[in-house]
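Enquirer: This one is work.csv, CSV, C-alpha atoms.
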chain,number,residue,atom,x,y,z
A,1,MET,CA,-113.5,35.2,20.5
A,2,LYS,CA,-110.4,35.8,18.3
A,3,ASP,CA,-108.6,37.4,21.3
A,4,LEU,CA,-109.4,34.5,23.5
A,5,LEU,CA,-108.1,32.0,20.9
A,6,LYS,CA,-104.9,34.0,20.6
A,7,ILE,CA,-104.3,33.9,24.3
A,8,ALA,CA,-105.1,30.2,24.3
A,9,LEU,CA,-102.6,29.6,21.5
A,10,VAL,CA,-99.8,31.5,23.3
A,11,LEU,CA,-100.4,29.5,26.5
A,12,ALA,CA,-100.6,26.2,24.6
A,13,ILE,CA,-97.3,27.0,23.0
A,14,VAL,CA,-95.7,27.7,26.4
A,15,PHE,CA,-97.0,24.4,27.9
A,16,ALA,CA,-96.1,22.5,24.7
A,17,SER,CA,-92.6,23.8,24.8
A,18,THR,CA,-92.0,22.3,28.2
A,19,PHE,CA,-93.5,19.0,27.0
A,20,VAL,CA,-91.2,18.8,24.0
A,21,LEU,CA,-88.2,19.8,26.2
A,22,PHE,CA,-88.7,17.1,28.8
A,23,GLU,CA,-89.6,14.5,26.1
A,24,ARG,CA,-86.3,15.2,24.4
A,25,THR,CA,-84.2,15.3,27.5
A,26,GLY,CA,-85.8,12.3,29.0
A,27,LEU,CA,-85.7,13.7,32.5
A,28,ILE,CA,-89.1,12.3,33.4
A,29,THR,CA,-89.9,9.0,31.8
A,30,GLU,CA,-92.4,6.3,32.7
A,31,ASP,CA,-89.6,4.0,33.7
A,32,ARG,CA,-88.0,6.5,36.0
A,33,LEU,CA,-91.4,7.4,37.4
A,34,ARG,CA,-92.2,3.8,38.2
A,35,ALA,CA,-88.7,3.2,39.8
A,36,GLY,CA,-89.0,6.4,41.9
A,37,LEU,CA,-92.5,5.6,43.2
A,38,ASP,CA,-91.4,2.0,43.9
A,39,GLY,CA,-88.5,3.2,45.9
A,40,LEU,CA,-90.7,5.6,48.0
A,41,MET,CA,-93.2,2.7,48.5
A,42,ALA,CA,-90.4,0.8,50.2
A,43,LEU,CA,-90.1,3.6,52.7
A,44,HIS,CA,-93.8,4.4,53.4
A,45,PRO,CA,-97.0,4.8,51.4
A,46,ALA,CA,-97.3,8.4,52.6
A,47,TRP,CA,-94.2,9.2,50.6
A,48,VAL,CA,-95.8,7.8,47.5
A,49,ALA,CA,-99.0,9.8,48.1
A,50,GLY,CA,-97.0,13.0,48.6
A,51,ALA,CA,-94.9,12.3,45.5
A,52,VAL,CA,-98.0,11.8,43.4
A,53,VAL,CA,-99.5,15.1,44.6
A,54,LEU,CA,-96.2,16.9,43.8
A,55,LEU,CA,-95.8,15.2,40.4
A,56,LEU,CA,-99.3,16.2,39.3
A,57,LEU,CA,-98.7,19.8,40.5
A,58,LEU,CA,-95.5,19.9,38.6
A,59,ASP,CA,-97.4,19.1,35.4
A,60,LEU,CA,-98.3,22.8,35.4
A,61,ALA,CA,-94.7,23.6,34.5
A,62,ILE,CA,-93.2,20.4,33.1
A,63,ALA,CA,-94.4,17.4,31.2
A,64,VAL,CA,-95.5,14.7,33.6
A,65,PRO,CA,-97.3,11.6,32.3
A,66,THR,CA,-100.6,12.2,34.2
A,67,MET,CA,-102.5,9.1,33.4
A,68,THR,CA,-99.4,6.9,34.1
A,69,THR,CA,-98.8,8.6,37.4
A,70,ILE,CA,-102.4,8.0,38.5
A,71,LEU,CA,-102.3,4.4,37.3
A,72,LEU,CA,-99.2,3.8,39.4
A,73,ALA,CA,-100.8,5.6,42.4
A,74,GLY,CA,-103.7,3.2,42.2
A,75,PHE,CA,-101.5,0.2,41.7
A,76,LEU,CA,-99.2,1.1,44.7
A,77,LEU,CA,-101.8,2.7,47.1
A,78,GLY,CA,-105.1,1.1,46.1
A,79,PRO,CA,-108.1,2.7,44.4
A,80,TRP,CA,-109.1,5.0,47.3
A,81,LEU,CA,-105.8,6.3,48.6
A,82,GLY,CA,-104.4,6.4,45.1
A,83,GLY,CA,-107.5,8.2,43.8
A,84,LEU,CA,-107.4,10.6,46.7
A,85,ALA,CA,-103.8,11.5,46.2
A,86,SER,CA,-104.3,11.9,42.5
A,87,ALA,CA,-107.4,14.0,42.9
A,88,ALA,CA,-105.6,16.2,45.4
A,89,GLY,CA,-102.7,16.7,43.0
A,90,LEU,CA,-104.9,17.6,40.1
A,91,MET,CA,-107.0,20.0,42.2
A,92,LEU,CA,-103.8,21.7,43.5
A,93,LEU,CA,-102.6,22.0,39.9
A,94,GLY,CA,-105.8,23.6,38.8
A,95,THR,CA,-106.0,26.0,41.8
A,96,VAL,CA,-102.4,27.2,41.3
A,97,GLY,CA,-103.0,27.6,37.5
A,98,TYR,CA,-106.2,29.5,38.1
A,99,GLY,CA,-104.4,31.7,40.7
A,100,LEU,CA,-101.5,32.5,38.3
A,101,GLY,CA,-103.9,33.3,35.5
A,102,ARG,CA,-106.0,35.5,37.7
A,103,ARG,CA,-103.0,37.3,39.4
A,104,PHE,CA,-100.8,37.9,36.4
A,105,GLY,CA,-102.9,37.2,33.3
A,106,ARG,CA,-105.2,40.2,33.3
A,107,PRO,CA,-102.5,42.8,34.2
A,108,LEU,CA,-100.4,41.4,31.4
A,109,LEU,CA,-103.3,41.5,28.9
A,110,GLY,CA,-104.1,45.0,30.1
A,111,ARG,CA,-100.6,46.1,29.0
A,112,ILE,CA,-100.9,44.3,25.7
A,113,TYR,CA,-104.4,45.5,24.7
A,114,GLY,CA,-104.9,48.6,26.9
A,115,ASP,CA,-108.7,48.3,26.2
A,116,ALA,CA,-111.0,47.4,29.1
A,117,GLY,CA,-113.8,46.6,26.7
A,118,ARG,CA,-111.6,44.1,24.9
A,119,LEU,CA,-110.8,42.3,28.1
A,120,GLU,CA,-114.5,42.1,28.9
A,121,ARG,CA,-115.2,40.4,25.6
A,122,ILE,CA,-112.4,37.9,26.3
A,123,GLU,CA,-114.1,37.1,29.6
A,124,ALA,CA,-117.5,36.8,28.0
A,125,ALA,CA,-116.1,34.4,25.3
A,126,PHE,CA,-114.7,32.0,27.9
A,127,ALA,CA,-117.8,32.3,30.1
A,128,ARG,CA,-120.0,30.9,27.4
A,129,ASN,CA,-118.5,27.4,27.8
A,130,ASP,CA,-116.4,27.7,30.9
A,131,LEU,CA,-118.0,24.8,32.9
A,132,LEU,CA,-118.1,22.5,29.9
A,133,VAL,CA,-114.4,23.2,29.1
A,134,LEU,CA,-113.5,22.3,32.7
A,135,PHE,CA,-115.7,19.2,32.7
A,136,THR,CA,-113.8,17.8,29.7
A,137,CYS,CA,-110.3,19.3,30.4
A,138,GLN,CA,-108.6,15.9,30.8
A,139,ALA,CA,-109.5,15.0,27.2
A,140,LEU,CA,-106.2,16.2,25.7
A,141,PRO,CA,-102.7,16.9,26.9
A,142,ILE,CA,-102.0,20.5,27.9
A,143,LEU,CA,-105.7,21.2,28.0
A,144,PRO,CA,-106.0,21.0,31.9
A,145,GLU,CA,-103.3,23.6,32.5
A,146,LEU,CA,-104.5,25.7,29.7
A,147,SER,CA,-108.2,25.8,30.8
A,148,CYS,CA,-107.2,26.6,34.4
A,149,CYS,CA,-105.1,29.5,33.4
A,150,LEU,CA,-107.7,30.8,31.0
A,151,ALA,CA,-110.3,30.6,33.8
A,152,GLY,CA,-108.1,32.8,35.9
A,153,VAL,CA,-107.5,35.2,33.1
A,154,ALA,CA,-111.2,35.4,32.4
A,155,ARG,CA,-111.9,36.1,36.1
A,156,MET,CA,-114.2,33.1,36.5
A,157,ARG,CA,-115.7,33.1,40.0
A,158,PRO,CA,-113.5,30.9,42.3
A,159,GLY,CA,-116.4,28.8,43.5
A,160,ARG,CA,-117.7,28.2,40.0
A,161,PHE,CA,-114.1,27.3,38.9
A,162,LEU,CA,-113.6,24.8,41.7
A,163,PHE,CA,-116.9,23.2,41.1
A,164,GLY,CA,-116.4,22.8,37.3
A,165,TYR,CA,-112.8,21.7,37.7
A,166,ALA,CA,-113.6,19.2,40.4
A,167,VAL,CA,-116.4,17.6,38.4
A,168,GLY,CA,-113.9,17.2,35.6
A,169,VAL,CA,-110.9,15.8,37.4
A,170,VAL,CA,-112.0,14.1,40.7
A,171,PRO,CA,-114.0,11.2,39.0
A,172,PHE,CA,-111.2,11.0,36.4
A,173,ALA,CA,-108.6,10.5,39.2
A,174,PHE,CA,-110.6,7.8,41.0
A,175,ILE,CA,-111.5,5.9,37.8
A,176,VAL,CA,-108.0,5.8,36.5
A,177,ALA,CA,-106.6,4.9,40.0
A,178,TRP,CA,-109.1,2.0,40.1
A,179,GLY,CA,-107.7,0.8,36.7
A,180,GLY,CA,-104.2,0.8,38.2
A,181,ALA,CA,-105.3,-1.0,41.4
A,182,ALA,CA,-107.1,-3.7,39.4
A,183,SER,CA,-104.0,-4.4,37.4
A,184,ALA,CA,-101.0,-6.6,38.1
A,185,PRO,CA,-97.5,-6.7,36.6
A,186,ASP,CA,-98.6,-9.8,34.6
A,187,ASN,CA,-102.1,-8.5,33.8
A,188,LEU,CA,-102.3,-4.9,32.6
A,189,THR,CA,-105.6,-5.4,30.9
A,190,PRO,CA,-107.7,-3.4,33.5
A,191,ALA,CA,-105.3,-0.4,33.2
A,192,ILE,CA,-105.3,-0.5,29.4
A,193,LEU,CA,-109.1,-0.8,29.1
A,194,THR,CA,-109.6,2.0,31.7
A,195,CYS,CA,-107.3,4.3,29.7
A,196,ILE,CA,-109.1,3.6,26.5
A,197,ALA,CA,-112.6,4.0,27.9
A,198,VAL,CA,-111.7,7.2,29.8
A,199,SER,CA,-109.9,8.7,26.7
A,200,VAL,CA,-112.7,7.8,24.3
A,201,ALA,CA,-115.4,9.2,26.7
A,202,LEU,CA,-113.5,12.5,27.2
A,203,LEU,CA,-112.6,13.0,23.6
A,204,THR,CA,-116.2,12.4,22.6
A,205,ALA,CA,-117.4,15.0,25.1
A,206,TRP,CA,-114.7,17.4,23.9
A,207,THR,CA,-115.7,16.9,20.3
A,208,LEU,CA,-119.3,17.7,21.1
A,209,LEU,CA,-118.2,20.8,23.0
A,210,VAL,CA,-116.2,22.1,20.1
A,211,ARG,CA,-119.1,21.5,17.7
A,212,ARG,CA,-121.4,23.3,20.1
A,213,SER,CA,-119.0,26.2,20.4
A,214,GLY,CA,-118.8,26.4,16.6
A,215,ARG,CA,-122.6,26.5,16.3
A,216,THR,CA,-122.8,29.2,19.0
A,217,ALA,CA,-120.2,31.3,17.3
A,218,GLY,CA,-121.9,31.0,14.0
A,219,GLN,CA,-125.2,32.0,15.4
A,220,GLY,CA,-123.6,34.9,17.2
A,221,GLY,CA,-122.0,36.1,14.0
A,222,SER,CA,-125.2,35.8,11.9
Write the structure described by the file as C-alpha cells, please.
Expert:
Amino acid sequence: MKDLLKIALVLAIVFASTFVLFERTGLITEDRLRAGLDGLMALHPAWVAGAVVLLLLLDLAIAVPTMTTILLAGFLLGPWLGGLASAAGLMLLGTVGYGLGRRFGRPLLGRIYGDAGRLERIEAAFARNDLLVLFTCQALPILPELSCCLAGVARMRPGRFLFGYAVGVVPFAFIVAWGGAASAPDNLTPAILTCIAVSVALLTAWTLLVRRSGRTAGQGGS
C-alpha cells in the first residue's frame, strides 16, 4: 500500500504542477474559454462539440476547468449534445491516461523497484478499491487523471476499467451539462445548484471510500 501511495503522490505532483503553471500564466481562463466556445458556436455547433472533447482530453496534461467546460457545453449545445460531447471527452481522457499508465508505468516502475513481487503488491493494493475509486474520481481536481493512470499502472483489465470509469464520468457529464442548459446569462442558479449538488455528492462518496480503505488497511495490518 505504501508503494502505491508513493506512486500516487508522484503522479499527483506532476498533474498539480501543470495546474499551478497554467493558473499562474493564465493561458486557459474561464473568460477565454467562454469567448473561444462562443466564437466557435458562431461557426457551427460541431466545432463547439469538437472543442469540448479536445479541451477535456487536454486536461490530462494541462489544467482545464472541467466543470466550467461542461456547463458551457450544455449551455451552448443543449443537455444531450453537450452531455454527449463532454462524456466523449472525459472517456477519451481516461482511456489515454489508462493507456499511458499501462504502457509506460510498469516498465518504469520495474526499473525503479526491480522486484516483480513488489509490483504485484502495488496491483493488489489498487485492485481492492479500483471500481470505487473510478466511480468517485470526479470528486476532486487531479483525481480523474491520477486514477486513470494508476489503473493502467496496476494493470486493471481494460473492460473493468472502462465500465468503472464510465459509471463515474458519463452521468456526471450529462448532469452538469443539464445544469448548463437550464441556465441563462441572467439566471445562473441551475448551474450553481448543479455544481453544488454534484460536488457534495461526490465528496461524500469519496470520504466514505477513504474511510472504508482505512478500515480495510487496518484490518489487513492487524
Enquirer: Which is closest to Leu81 in chain A among A:Val53, A:Gly159, A:Val64, A:Leu43, if we use only C-alpha atoms?
Expert: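 Going through A:Val53, A:Gly159, A:Val64, A:Leu43 one by one, the smallest distance to Leu81 in chain A is for A:Val53.
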Enquirer: Go through A:Phe126, A:Trp47, A:Phe104, A:Phe135 and flag the residue nearest Phe172 in chain A, using all atoms listed in the file for the distances.
Expert: A:Phe135
Enquirer: Counting all atoms listed in the file, write as a compact mmCIF listing (two decimals) with C-alpha atoms, in the frame of the given file all protein and nucleic acid residues lying at most 12 Å from (-97.2, 7.7, 50.9) in the file's frame.
Expert:
# COMPACT_ATOMS: atom_id res chain seq x y z
CA LEU A 37 -92.50 5.60 43.20
CA ASP A 38 -91.40 2.00 43.90
CA GLY A 39 -88.50 3.20 45.90
CA LEU A 40 -90.70 5.60 48.00
CA MET A 41 -93.20 2.70 48.50
CA ALA A 42 -90.40 0.80 50.20
CA LEU A 43 -90.10 3.60 52.70
CA HIS A 44 -93.80 4.40 53.40
CA PRO A 45 -97.00 4.80 51.40
CA ALA A 46 -97.30 8.40 52.60
CA TRP A 47 -94.20 9.20 50.60
CA VAL A 48 -95.80 7.80 47.50
CA ALA A 49 -99.00 9.80 48.10
CA GLY A 50 -97.00 13.00 48.60
CA ALA A 51 -94.90 12.30 45.50
CA VAL A 52 -98.00 11.80 43.40
CA VAL A 53 -99.50 15.10 44.60
CA LEU A 54 -96.20 16.90 43.80
CA ALA A 73 -100.80 5.60 42.40
CA GLY A 74 -103.70 3.20 42.20
CA LEU A 76 -99.20 1.10 44.70
CA LEU A 77 -101.80 2.70 47.10
CA GLY A 78 -105.10 1.10 46.10
CA LEU A 81 -105.80 6.30 48.60
CA GLY A 82 -104.40 6.40 45.10
CA LEU A 84 -107.40 10.60 46.70
CA ALA A 85 -103.80 11.50 46.20
CA SER A 86 -104.30 11.90 42.50
Enquirer: Give me the residues near Gly99 in chain A as a PDB file with C-alpha atoms, in the coordinates of the input, where near means some atom within 12 Å (using only C-alpha atoms) and where sequence neighbours in that chain fewer than 5 positions away do not count.
Expert:
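Dumped to selection_12.pdb:
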ATOM      1  CA  LEU A  92    -103.800  21.700  43.500  1.00  0.00           C
ATOM      2  CA  LEU A  93    -102.600  22.000  39.900  1.00  0.00           C
ATOM      3  CA  GLY A  94    -105.800  23.600  38.800  1.00  0.00           C
ATOM      4  CA  PHE A 104    -100.800  37.900  36.400  1.00  0.00           C
ATOM      5  CA  GLY A 105    -102.900  37.200  33.300  1.00  0.00           C
ATOM      6  CA  ARG A 106    -105.200  40.200  33.300  1.00  0.00           C
ATOM      7  CA  GLU A 145    -103.300  23.600  32.500  1.00  0.00           C
ATOM      8  CA  CYS A 148    -107.200  26.600  34.400  1.00  0.00           C
ATOM      9  CA  CYS A 149    -105.100  29.500  33.400  1.00  0.00           C
ATOM     10  CA  LEU A 150    -107.700  30.800  31.000  1.00  0.00           C
ATOM     11  CA  ALA A 151    -110.300  30.600  33.800  1.00  0.00           C
ATOM     12  CA  GLY A 152    -108.100  32.800  35.900  1.00  0.00           C
ATOM     13  CA  VAL A 153    -107.500  35.200  33.100  1.00  0.00           C
ATOM     14  CA  ALA A 154    -111.200  35.400  32.400  1.00  0.00           C
ATOM     15  CA  ARG A 155    -111.900  36.100  36.100  1.00  0.00           C
ATOM     16  CA  MET A 156    -114.200  33.100  36.500  1.00  0.00           C
ATOM     17  CA  ARG A 157    -115.700  33.100  40.000  1.00  0.00           C
ATOM     18  CA  PRO A 158    -113.500  30.900  42.300  1.00  0.00           C
ATOM     19  CA  PHE A 161    -114.100  27.300  38.900  1.00  0.00           C
ATOM     20  CA  LEU A 162    -113.600  24.800  41.700  1.00  0.00           C
TER      21      LEU A 162
END
Enquirer: What's the separation between CA of Ile175 in chain A and CA of Ala139 in chain A, in Å to one decimal place?
Expert: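 That distance, rounded to one decimal, is 14.1 Å.
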Enquirer: Determine the nearest neighbour of Gly179 in chain A from the options A:Val210, A:Leu140, A:Ile196, A:Thr204, counting all atoms listed in the file.
Expert: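 Among A:Val210, A:Leu140, A:Ile196, A:Thr204, it is A:Ile196 that comes nearest to Gly179 in chain A.
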Enquirer: What is the CA of Gly164 in chain A-CA of Leu131 in chain A distance in Å, reported with one decimal?
Expert: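 CA of Leu131 in chain A lies 5.1 Å from CA of Gly164 in chain A.
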Enquirer: Please measure the separation of CA of Val200 in chain A and CA of Tyr165 in chain A, giving the value in Å to one decimal.
Expert: 19.3 Å
Enquirer: Hey, which of A:Met91, A:Leu100, A:Ile62, A:Leu209 ends up closest to Phe163 in chain A? Count all atoms listed in the file.
Expert: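 For Phe163 in chain A, the nearest of the given residues is A:Met91.
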Enquirer: Excluding Thr136 in chain A and residues on its chain fewer than 3 positions from it, collect all residues at most 7 Å away from it, counting all atoms listed in the file, and give them as a tab-separated table (two decimals) with C-alpha atoms, in the coordinates of the input.
Expert:
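Dumped to selection-v2.tsv:
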chain	number	residue	atom	x	y	z
A	132	LEU	CA	-118.10	22.50	29.90
A	133	VAL	CA	-114.40	23.20	29.10
A	139	ALA	CA	-109.50	15.00	27.20
A	168	GLY	CA	-113.90	17.20	35.60
A	202	LEU	CA	-113.50	12.50	27.20
A	205	ALA	CA	-117.40	15.00	25.10
A	206	TRP	CA	-114.70	17.40	23.90
